[in-house]
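Asker: Input file: start.txt. Contents: compact mmCIF, C-alpha atoms.
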# COMPACT_ATOMS: atom_id res chain seq x y z
CA MET A 1 53.83 -1.54 14.85
CA ALA A 2 50.37 -0.47 13.62
CA ILE A 3 48.69 -2.86 16.07
CA ALA A 4 50.83 -1.52 18.91
CA ASN A 5 49.86 2.04 18.02
CA GLN A 6 46.18 1.12 17.92
CA GLU A 7 46.43 -0.48 21.36
CA MET A 8 48.19 2.59 22.71
CA ILE A 9 45.48 4.88 21.33
CA ARG A 10 42.75 2.66 22.74
CA ASP A 11 44.40 2.54 26.19
CA ASN A 12 44.77 6.31 26.18
CA ASN A 13 41.14 6.80 25.16
CA ARG A 14 40.01 4.42 27.89
CA ARG A 15 42.04 6.38 30.43
CA LEU A 16 40.55 9.68 29.27
CA VAL A 17 36.99 8.36 29.38
CA LEU A 18 37.29 6.76 32.81
CA GLU A 19 39.05 9.78 34.32
CA TYR A 20 36.35 12.10 33.00
CA ILE A 21 33.56 9.91 34.35
CA VAL A 22 35.26 9.72 37.76
CA ASN A 23 35.82 13.47 38.02
CA ASN A 24 32.60 14.76 36.42
CA PRO A 25 29.59 12.68 37.50
CA PRO A 26 26.95 12.13 36.35
CA ILE A 27 27.54 12.28 32.61
CA SER A 28 26.04 10.83 29.44
CA ARG A 29 27.73 9.12 26.52
CA ALA A 30 26.89 12.05 24.25
CA ALA A 31 28.43 14.54 26.67
CA LEU A 32 31.57 12.40 26.91
CA ALA A 33 31.93 12.31 23.13
CA LYS A 34 31.54 16.09 22.97
CA GLU A 35 33.95 16.87 25.82
CA LEU A 36 36.67 14.42 24.77
CA HIS A 37 36.25 14.86 20.98
CA LEU A 38 35.81 11.12 20.44
CA THR A 39 33.28 9.34 18.23
CA LYS A 40 30.09 8.02 19.77
CA ALA A 41 31.08 4.51 18.70
CA THR A 42 34.40 4.78 20.52
CA ILE A 43 32.67 6.08 23.66
CA SER A 44 30.04 3.32 23.55
CA ASN A 45 32.66 0.57 23.22
CA ILE A 46 34.78 1.92 26.07
CA VAL A 47 31.80 2.51 28.36
CA GLN A 48 30.53 -1.02 27.77
CA GLU A 49 33.97 -2.39 28.69
CA LEU A 50 34.00 -0.30 31.88
CA MET A 51 30.51 -1.48 32.80
CA ASP A 52 31.55 -5.11 32.27
CA GLN A 53 34.42 -4.47 34.69
CA ASN A 54 32.05 -3.07 37.37
CA LEU A 55 33.78 0.32 37.18
CA VAL A 56 30.90 2.32 35.69
CA ALA A 57 27.12 2.03 36.06
CA GLU A 58 24.08 3.68 34.53
CA ILE A 59 22.05 5.60 37.09
CA GLY A 60 19.00 6.84 35.17
CA SER A 61 17.99 9.43 32.59
CA ALA A 62 18.62 13.15 32.54
CA GLN A 63 15.62 15.49 32.45
CA THR A 64 15.30 17.19 29.05
CA ALA A 65 12.47 19.15 27.46
CA LEU A 66 12.89 17.69 23.98
CA GLY A 67 14.15 14.51 22.37
CA ARG A 68 15.39 11.28 23.84
CA LYS A 69 16.50 11.53 27.43
CA PRO A 70 20.23 10.77 27.71
CA ILE A 71 21.24 7.99 30.07
CA LEU A 72 23.58 9.16 32.80
CA MET A 73 26.52 7.21 34.18
CA GLU A 74 28.82 7.44 37.16
CA PHE A 75 31.88 5.72 38.55
CA GLN A 76 31.24 2.74 40.81
CA LYS A 77 33.22 4.11 43.73
CA LYS A 78 32.39 1.14 45.95
CA CYS A 79 33.89 -1.39 43.57
CA GLY A 80 36.97 -1.47 45.79
CA TYR A 81 38.78 0.05 48.75
CA ALA A 82 41.92 2.13 49.01
CA PHE A 83 43.97 1.67 52.18
CA SER A 84 46.21 4.46 53.42
CA ILE A 85 48.73 4.22 56.29
CA ASP A 86 50.47 7.17 57.96
CA VAL A 87 53.54 6.23 60.03
CA HIS A 88 54.00 8.92 62.69
CA PRO A 89 56.94 8.87 65.13
CA ARG A 90 54.71 7.62 67.98
CA GLN A 91 51.66 6.14 66.31
CA ILE A 92 50.33 4.69 63.08
CA ILE A 93 47.06 6.01 61.66
CA THR A 94 45.20 4.12 58.94
CA LEU A 95 42.30 5.05 56.71
CA THR A 96 40.16 2.88 54.48
CA SER A 97 37.74 4.43 52.02
CA ASP A 98 35.96 3.79 48.77
CA LEU A 99 37.72 4.89 45.60
CA LYS A 100 36.52 8.49 45.81
CA GLY A 101 37.72 9.08 49.35
CA GLU A 102 34.26 8.67 50.88
CA ASP A 103 32.90 6.24 53.48
CA CYS A 104 36.12 6.66 55.45
CA HIS A 105 37.19 4.64 58.50
CA LEU A 106 40.11 5.76 60.69
CA ARG A 107 42.09 3.60 63.12
CA GLU A 108 45.07 4.31 65.35
CA TYR A 109 47.82 1.98 66.52
CA PRO A 110 50.68 2.66 68.96
CA PHE A 111 54.15 2.72 67.42
CA ARG A 112 57.15 2.52 69.74
CA GLU A 113 60.80 2.96 68.88
CA GLU A 114 61.51 -0.70 69.60
CA ASP A 115 58.70 -1.95 67.34
CA CYS A 116 59.56 -3.58 64.01
CA LEU A 117 57.61 -1.49 61.49
CA LEU A 118 57.43 -4.28 58.90
CA GLU A 119 55.89 -6.72 61.39
CA LEU A 120 53.47 -4.09 62.67
CA LEU A 121 52.32 -3.26 59.13
CA ARG A 122 51.90 -6.96 58.37
CA ARG A 123 49.56 -7.29 61.34
CA ILE A 124 47.59 -4.16 60.42
CA ILE A 125 47.11 -5.25 56.80
CA LYS A 126 46.06 -8.77 57.82
CA GLU A 127 43.52 -7.24 60.16
CA THR A 128 42.16 -4.87 57.51
CA ILE A 129 41.79 -7.17 54.49
CA PRO A 130 38.77 -9.15 55.84
CA ARG A 131 36.86 -5.90 56.44
CA CYS A 132 37.13 -5.00 52.74
CA GLN A 133 35.98 -8.22 51.10
CA ASP A 134 32.44 -7.00 50.41
CA ALA A 135 33.69 -5.01 47.38
CA PRO A 136 34.29 -6.80 44.04
CA TYR A 137 37.96 -5.79 43.94
CA GLY A 138 38.66 -5.71 47.69
CA ILE A 139 41.66 -3.53 48.58
CA VAL A 140 43.05 -2.23 45.29
CA GLY A 141 46.09 -0.43 46.67
CA ILE A 142 47.97 0.38 49.86
CA SER A 143 49.83 3.63 50.49
CA ILE A 144 52.36 4.08 53.30
CA GLY A 145 53.36 7.62 54.30
CA ILE A 146 56.82 7.92 55.85
CA TYR A 147 58.40 10.81 57.75
CA GLY A 148 61.62 10.90 55.75
CA VAL A 149 63.07 10.42 52.29
CA VAL A 150 61.72 7.82 49.84
CA ARG A 151 63.21 7.07 46.41
CA ASP A 152 61.53 4.68 43.97
CA ASN A 153 59.51 3.04 46.77
CA GLU A 154 62.68 2.57 48.87
CA ILE A 155 63.03 4.25 52.27
CA ILE A 156 66.32 6.16 52.41
CA PHE A 157 66.19 8.26 55.59
CA THR A 158 63.90 8.61 58.63
CA PRO A 159 64.98 11.26 61.16
CA TYR A 160 62.42 10.62 63.90
CA TYR A 161 62.26 6.83 64.11
CA PRO A 162 64.77 4.06 63.35
CA LEU A 163 65.23 3.38 59.64
CA PRO A 164 62.81 0.53 58.84
CA GLU A 165 63.34 -2.21 56.27
CA PRO A 166 64.03 -0.03 53.16
CA HIS A 167 62.09 -2.33 50.79
CA LEU A 168 59.08 -2.94 53.03
CA GLY A 169 56.72 -1.80 50.26
CA LYS A 170 57.99 -4.48 47.88
CA ILE A 171 57.93 -7.12 50.62
CA LEU A 172 54.34 -6.34 51.61
CA ALA A 173 53.16 -6.18 47.98
CA GLU A 174 54.58 -9.63 47.25
CA GLU A 175 53.17 -11.08 50.46
CA PHE A 176 49.61 -9.80 50.09
CA GLY A 177 49.30 -9.53 46.30
CA ILE A 178 48.27 -5.87 46.56
CA PRO A 179 50.21 -2.91 45.07
CA VAL A 180 51.98 -1.00 47.86
CA THR A 181 53.30 2.54 47.39
CA VAL A 182 55.68 4.05 49.95
CA GLU A 183 55.94 7.84 49.82
CA ASN A 184 57.02 10.83 51.89
CA GLU A 185 54.08 12.03 53.97
CA SER A 186 54.31 15.66 52.78
CA ASN A 187 54.24 14.51 49.15
CA LEU A 188 51.08 12.59 49.94
CA SER A 189 49.64 15.65 51.69
CA VAL A 190 49.98 17.92 48.66
CA LEU A 191 48.37 15.20 46.51
CA GLY A 192 45.49 14.97 48.98
CA GLU A 193 44.83 18.70 49.15
CA SER A 194 45.08 18.98 45.37
CA ALA A 195 42.65 16.14 44.69
CA PHE A 196 40.01 16.97 47.28
CA HIS A 197 40.10 20.73 47.77
CA TYR A 198 42.46 23.09 45.97
CA ASN A 199 42.45 22.81 42.19
CA TYR A 200 45.82 24.45 41.49
CA LYS A 201 48.41 23.17 39.03
CA ASN A 202 51.26 24.66 41.07
CA MET A 203 51.08 24.48 44.84
CA ILE A 204 53.07 23.63 47.94
CA HIS A 205 51.90 21.92 51.12
CA LEU A 206 53.86 22.63 54.31
CA ASN A 207 53.44 20.03 57.05
CA ILE A 208 54.61 21.36 60.43
CA HIS A 209 54.48 18.66 63.09
CA ASP A 210 57.46 16.85 64.63
CA GLY A 211 59.44 18.11 61.65
CA VAL A 212 58.77 20.42 58.72
CA GLY A 213 58.03 18.72 55.40
CA MET A 214 57.13 20.20 52.04
CA GLY A 215 55.17 18.62 49.21
CA ILE A 216 55.67 20.29 45.82
CA LEU A 217 53.24 20.11 42.90
CA ILE A 218 54.42 21.60 39.58
CA ASP A 219 52.14 21.44 36.53
CA GLU A 220 50.03 18.94 38.51
CA GLN A 221 53.03 16.62 38.87
CA LEU A 222 54.69 15.72 42.15
CA TYR A 223 58.23 17.07 42.20
CA LYS A 224 60.66 14.93 44.21
CA GLY A 225 64.03 15.87 42.76
CA ARG A 226 66.76 13.56 41.49
CA ASP A 227 67.07 11.37 44.61
CA GLY A 228 63.77 12.04 46.41
CA TYR A 229 65.20 14.75 48.67
CA ALA A 230 63.20 17.65 47.22
CA GLY A 231 60.87 19.07 49.84
CA GLU A 232 63.07 18.37 52.87
CA PHE A 233 62.54 21.97 53.85
CA GLY A 234 62.90 21.22 57.54
CA HIS A 235 66.57 20.47 56.89
CA THR A 236 67.43 23.77 55.29
CA ILE A 237 69.68 25.85 57.53
CA LEU A 238 68.24 28.62 59.69
CA PHE A 239 71.22 29.08 62.05
CA PRO A 240 74.57 27.81 60.65
CA ASP A 241 76.07 27.32 64.12
CA GLY A 242 72.83 26.15 65.73
CA LYS A 243 71.55 22.98 67.32
CA PRO A 244 72.74 19.61 65.94
CA CYS A 245 70.16 17.80 63.82
CA PRO A 246 69.70 14.03 63.22
CA CYS A 247 70.34 14.71 59.52
CA GLY A 248 73.96 15.58 60.33
CA ASN A 249 73.73 19.36 59.91
CA ASN A 250 73.45 22.12 62.49
CA GLY A 251 70.74 24.74 62.86
CA CYS A 252 68.08 23.06 60.68
CA PHE A 253 64.80 24.92 60.27
CA GLU A 254 62.67 22.28 61.99
CA LEU A 255 64.79 22.42 65.15
CA TYR A 256 63.34 25.90 65.72
CA ALA A 257 60.02 26.17 63.85
CA SER A 258 58.37 22.72 64.11
CA GLU A 259 55.62 22.00 66.62
CA ARG A 260 58.01 19.72 68.49
CA ALA A 261 60.60 22.52 68.74
CA ILE A 262 58.09 25.14 69.87
CA LEU A 263 56.58 22.85 72.52
CA ASN A 264 60.00 21.77 73.81
CA GLU A 265 61.17 25.36 74.10
CA TYR A 266 57.93 26.37 75.83
CA ALA A 267 58.31 23.48 78.29
CA ALA A 268 61.86 24.59 79.06
CA ARG A 269 60.81 28.21 79.60
CA THR A 270 57.96 27.18 81.92
CA HIS A 271 60.05 24.55 83.76
CA GLN A 272 57.96 21.56 82.65
CA ASP A 273 59.16 18.15 81.52
CA SER A 274 56.87 18.17 78.51
CA VAL A 275 53.87 20.01 77.08
CA THR A 276 51.01 18.76 74.89
CA ILE A 277 49.72 20.76 71.99
CA ASP A 278 46.34 21.13 73.74
CA SER A 279 47.85 22.58 76.92
CA PHE A 280 50.00 24.97 74.89
CA LEU A 281 47.00 26.19 72.88
CA ARG A 282 45.09 26.76 76.14
CA ALA A 283 48.00 28.78 77.50
CA TYR A 284 48.02 30.86 74.33
CA GLN A 285 44.29 31.51 74.56
CA GLU A 286 44.78 32.52 78.20
CA GLN A 287 47.45 35.00 77.03
CA LYS A 288 50.24 33.44 79.05
CA PRO A 289 53.39 35.50 78.29
CA GLU A 290 55.62 32.52 77.47
CA ALA A 291 53.04 31.08 75.06
CA LEU A 292 52.66 34.44 73.33
CA GLU A 293 56.43 34.73 72.99
CA MET A 294 56.66 31.27 71.43
CA MET A 295 53.94 32.09 68.91
CA ASP A 296 55.80 35.28 68.02
CA LEU A 297 58.84 33.11 67.28
CA PHE A 298 56.76 30.65 65.25
CA VAL A 299 55.33 33.47 63.13
CA LYS A 300 58.81 34.95 62.61
CA TYR A 301 60.47 31.68 61.62
CA MET A 302 57.61 30.51 59.40
CA SER A 303 57.49 33.88 57.66
CA ILE A 304 61.22 33.68 56.92
CA GLY A 305 60.81 30.14 55.61
CA ILE A 306 57.77 30.89 53.47
CA ASN A 307 59.48 34.01 52.08
CA ASN A 308 62.34 31.79 50.91
CA ILE A 309 59.90 29.29 49.39
CA ILE A 310 58.03 31.99 47.45
CA ASN A 311 61.26 33.48 46.13
CA THR A 312 62.52 30.03 45.11
CA PHE A 313 59.40 28.56 43.49
CA ASN A 314 57.21 31.59 42.58
CA ILE A 315 54.29 29.29 43.39
CA ASP A 316 50.52 30.00 43.16
CA LEU A 317 49.43 28.58 46.51
CA ILE A 318 50.95 27.49 49.82
CA VAL A 319 48.85 25.33 52.14
CA LEU A 320 50.03 25.67 55.73
CA ASN A 321 49.25 22.59 57.84
CA SER A 322 50.03 23.05 61.52
CA SER A 323 48.00 22.80 64.71
CA PHE A 324 49.07 26.38 65.42
CA SER A 325 47.76 27.81 62.16
CA ASN A 326 44.77 25.45 61.97
CA TYR A 327 43.44 26.25 65.45
CA ILE A 328 44.61 29.86 65.84
CA PRO A 329 43.26 31.73 62.78
CA ASP A 330 45.21 34.86 63.73
CA ILE A 331 48.52 33.06 63.14
CA ASN A 332 47.94 32.70 59.41
CA ARG A 333 46.92 36.36 59.14
CA ARG A 334 50.08 37.45 61.00
CA ILE A 335 52.29 35.43 58.66
CA VAL A 336 50.62 36.97 55.61
CA ALA A 337 51.02 40.45 57.12
CA TYR A 338 54.72 39.81 57.82
CA LEU A 339 55.30 38.67 54.26
CA ALA A 340 53.45 41.68 52.84
CA ARG A 341 56.00 43.94 54.50
CA HIS A 342 58.95 42.12 52.95
CA GLN A 343 57.89 41.18 49.41
CA ASN A 344 55.14 41.84 46.88
CA ARG A 345 54.78 38.55 45.02
CA ASP A 346 51.25 37.24 44.62
CA CYS A 347 50.92 33.92 46.45
CA ARG A 348 47.97 32.68 48.48
CA ILE A 349 48.80 31.26 51.91
CA ILE A 350 45.93 29.35 53.41
CA PRO A 351 45.30 26.77 56.15
CA SER A 352 44.87 23.10 55.34
CA LYS A 353 41.36 21.77 54.79
CA LEU A 354 42.30 18.14 55.41
CA GLN A 355 44.65 18.87 58.33
CA ASP A 356 45.80 15.60 59.97
CA THR A 357 44.22 13.49 57.23
CA SER A 358 45.92 15.24 54.29
CA GLY A 359 48.58 12.54 53.85
CA LEU A 360 46.04 9.77 54.30
CA MET A 361 43.78 11.25 51.62
CA GLY A 362 46.79 11.63 49.34
CA GLY A 363 47.35 7.91 49.78
CA ILE A 364 43.73 7.24 48.84
CA ARG A 365 44.27 9.30 45.70
CA LEU A 366 47.37 7.32 44.74
CA GLY A 367 45.67 3.99 45.31
CA THR A 368 42.70 4.98 43.16
CA GLU A 369 44.80 6.46 40.36
CA HIS A 370 47.10 3.45 40.14
CA PHE A 371 44.22 0.97 40.14
CA LEU A 372 42.19 2.83 37.51
CA ASP A 373 45.29 3.83 35.50
CA ILE A 374 44.26 7.49 35.48
CA LYS A 375 46.51 10.52 36.00
CA HIS A 376 44.50 13.07 37.97
CA LEU A 377 41.81 12.32 40.52
CA LYS A 378 39.90 15.55 41.14
CA ILE A 379 36.98 15.39 43.54
CA ARG A 380 34.66 18.38 43.51
CA VAL A 381 34.01 19.20 47.15
CA PRO A 382 30.89 21.34 47.82
CA PHE A 383 32.58 23.94 50.05
CA SER A 384 31.59 27.56 49.54
CA ASP A 385 35.25 28.58 49.82
CA ASN A 386 36.56 25.89 47.47
CA LEU A 387 39.10 27.62 45.26
CA ARG A 388 38.70 27.67 41.48
Show me, as structure tokens, the structure contained in the file I just sent.
Answerer:
Amino acid sequence: MAIANQEMIRDNNRRLVLEYIVNNPPISRAALAKELHLTKATISNIVQELMDQNLVAEIGSAQTALGRKPILMEFQKKCGYAFSIDVHPRQIITLTSDLKGEDCHLREYPFREEDCLLELLRRIIKETIPRCQDAPYGIVGISIGIYGVVRDNEIIFTPYYPLPEPHLGKILAEEFGIPVTVENESNLSVLGESAFHYNYKNMIHLNIHDGVGMGILIDEQLYKGRDGYAGEFGHTILFPDGKPCPCGNNGCFELYASERAILNEYAARTHQDSVTIDSFLRAYQEQKPEALEMMDLFVKYMSIGINNIINTFNIDLIVLNSSFSNYIPDINRRIVAYLARHQNRDCRIIPSKLQDTSGLMGGIRLGTEHFLDIKHLKIRVPFSDNLR
């Protein structure tokens, strides 16, 4: 029992040291001992182990006026690659990066309803592995973002494409010998925004695209509920006797407030078969009456939804990720103004920094954290408006 306890303490100390080095570079051994309240001997032993594993490297001496110059260290972010995959209803987007979300490479692949997702992912992974063999550890983890419900790495429900093989993560992990995490794309998005931009313990990320998804972070932990259904905000009811939804209910929020819903309604009102987001945004900028009316509806519906979220969660921050709010700054201001008239709770509502890559960067975070066995990847981004 004593040996087991010693091993547990050592593993925890290693985790603390590595996480601090990753999140606070560059840093010296003395500074680590001071910040983590560990002995210098403990720090030296752990650091040597991390250096032997090619995870940490010395990068030179700090400049000091007196005494011995401390040797600085930093995380070897290029020791491996994280691979993130976002499965959209009509395309698959992939991102490879080093283990701090830098040196990123995006690729896009078509995804049709008749395609077998498992076979397509097999081909994509086989194509990607050779490009990552220059790093000592190669690809250390794969993340797959799904539009739908995921429970314990098993896909339960996908409203906008046929339900794929539920255990595709396990199948791919066994086939390629690489850990594979399957997660809801909005959950990945809140992890991405939290790690790379907004340092809040309690925050919500709203993804408004084909549907409306919500990622929830409480005390820095992803909240998914008992069965993984937490955050399916798009399937809350806006109109009880409204349009039928693929989830089985009627009048779901995303049938009225998602980008897909707004564009479809605008196309119907302007007698077009379909409308792209770019053409709609141009019509809005040109002050076309139908486009203005649809944005009024979007602001109204989103304000109602966000009001309900604030009253339910009493959260610190809501990140709104939509092409409408990202490319029309006035939309976010109008939503905030609407909410100010109806409630007085203090909650920041801001546009996404990562936008379409938020879920991909959340996948990079997961891959890095799982490989390094750390709990919180926090990258300090040098933006003047970076919060806290």
Asker: Choose the residue, out of A:Gln272, A:Ile142, A:Cys245, A:His209, that has the smallest atom-to-atom separation from Asn326 in chain A; count only C-alpha atoms.
Answerer: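 Counting only C-alpha atoms, the residue closest to Asn326 in chain A is A:His209.
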Asker: Between CA of Glu220 in chain A and CA of Leu188 in chain A, what is the distance in Å, rounded to a tenth?
Answerer: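 Pair CA of Glu220 in chain A / CA of Leu188 in chain A returns 13.1 Å.
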Asker: Hey, which of A:Asn321, A:Leu50, A:Lys300, A:Ala283 ends up closest to Gly359 in chain A? Count only C-alpha atoms.
Answerer: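 The closest residue to Gly359 in chain A is A:Asn321.
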Asker: Enter the distance from CA of Ile129 in chain A to CA of Ile171 in chain A, in Å, rounded to one decimal.
Answerer: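 Between CA of Ile129 in chain A and CA of Ile171 in chain A the gap is 16.6 Å.
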Asker: Identify which of the residues A:Ser143, A:Asn5, A:Ser186, A:Ser352 lies closest to His370 in chain A, counting only C-alpha atoms when measuring atom-to-atom distances.
Answerer: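 Looking at the shortest contact to His370 in chain A, the residue is A:Ser143.
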Asker: For a quick check of understanding, using all atoms listed in the file, which of A:Leu106, A:Leu55, A:Ala173, A:Ile216 has the smallest distance to Ser189 in chain A?
Answerer: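 Of all the options, A:Ile216 lies closest to Ser189 in chain A.
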Asker: Which one is closest to Leu117 in chain A: A:Cys104, A:Ile71, A:Leu168, A:Ile237? Count all atoms listed in the file.
Answerer: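 That would be A:Leu168, the residue with the smallest distance to Leu117 in chain A.
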Asker: Just checking: using only C-alpha atoms, which residue out of A:Gln285, A:Ser84, A:Ser274, A:Gln91 ends up closest to Ile144 in chain A?
Answerer: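 Among the listed residues, A:Ser84 lies closest to Ile144 in chain A.
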Asker: Which residues come within 8 Å of range 222-225 of chain A, counting only C-alpha atoms, excluding same-chain residues fewer than 6 positions away, as a list in words?
Answerer: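 Residues meeting the cut-off are Asn187, Leu191, Gly215, Ile216 and Gly231 of chain A.
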Asker: Create the file for the chosen residues now, containing C-alpha atoms and written as a PDB file, in the coordinates of the input.
Answerer:
ATOM      1  CA  ASN A 187      54.240  14.510  49.150  1.00  0.00           C
ATOM      2  CA  LEU A 191      48.370  15.200  46.510  1.00  0.00           C
ATOM      3  CA  GLY A 215      55.170  18.620  49.210  1.00  0.00           C
ATOM      4  CA  ILE A 216      55.670  20.290  45.820  1.00  0.00           C
ATOM      5  CA  GLY A 231      60.870  19.070  49.840  1.00  0.00           C
TER       6      GLY A 231
END
Asker: Pick out the residues sitting within 9 Å of Phe298 in chain A, and hand them over as a list in words; count all atoms listed in the file, and ignore anything fewer than 2 positions along from it in its own chain.
Answerer: Tyr256, Ala257, Ser258, Glu259, Ile262, Glu293, Met294, Met295, Asp296, Lys300, Tyr301, Met302, Ser303, Phe324 and Ile331 of chain A
Asker: Within 7 Å of (34.8, -2.6, 39.4) (coordinates as in the file), grab all the protein and nucleic acid residues, counting all atoms listed in the file, and write them out as a VMD selection string.
Answerer: chain A and resid 53 to 55 76 79 to 80 136 to 137
Asker: Record the distance separating CA of Gly192 in chain A and CA of Ile59 in chain A, expressed in Å with one decimal.
Answerer: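 Separation of CA of Gly192 in chain A and CA of Ile59 in chain A: 27.9 Å.
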Asker: Around the point (35.5, 12.6, 30.5), in the coordinates given by the file, pick out the residues reaching within 10 Å, counting all atoms listed in the file, and return them as a PyMOL selection string.
Answerer: chain A and resi 13-25+27-29+31-37+43
Asker: Find the residues near Glu74 in chain A: any atom within 6 Å, counting all atoms listed in the file, skip ones fewer than 6 places away on the same chain, and give them as a VMD selection string.
Answerer: chain A and resid 25 to 26 56 to 57
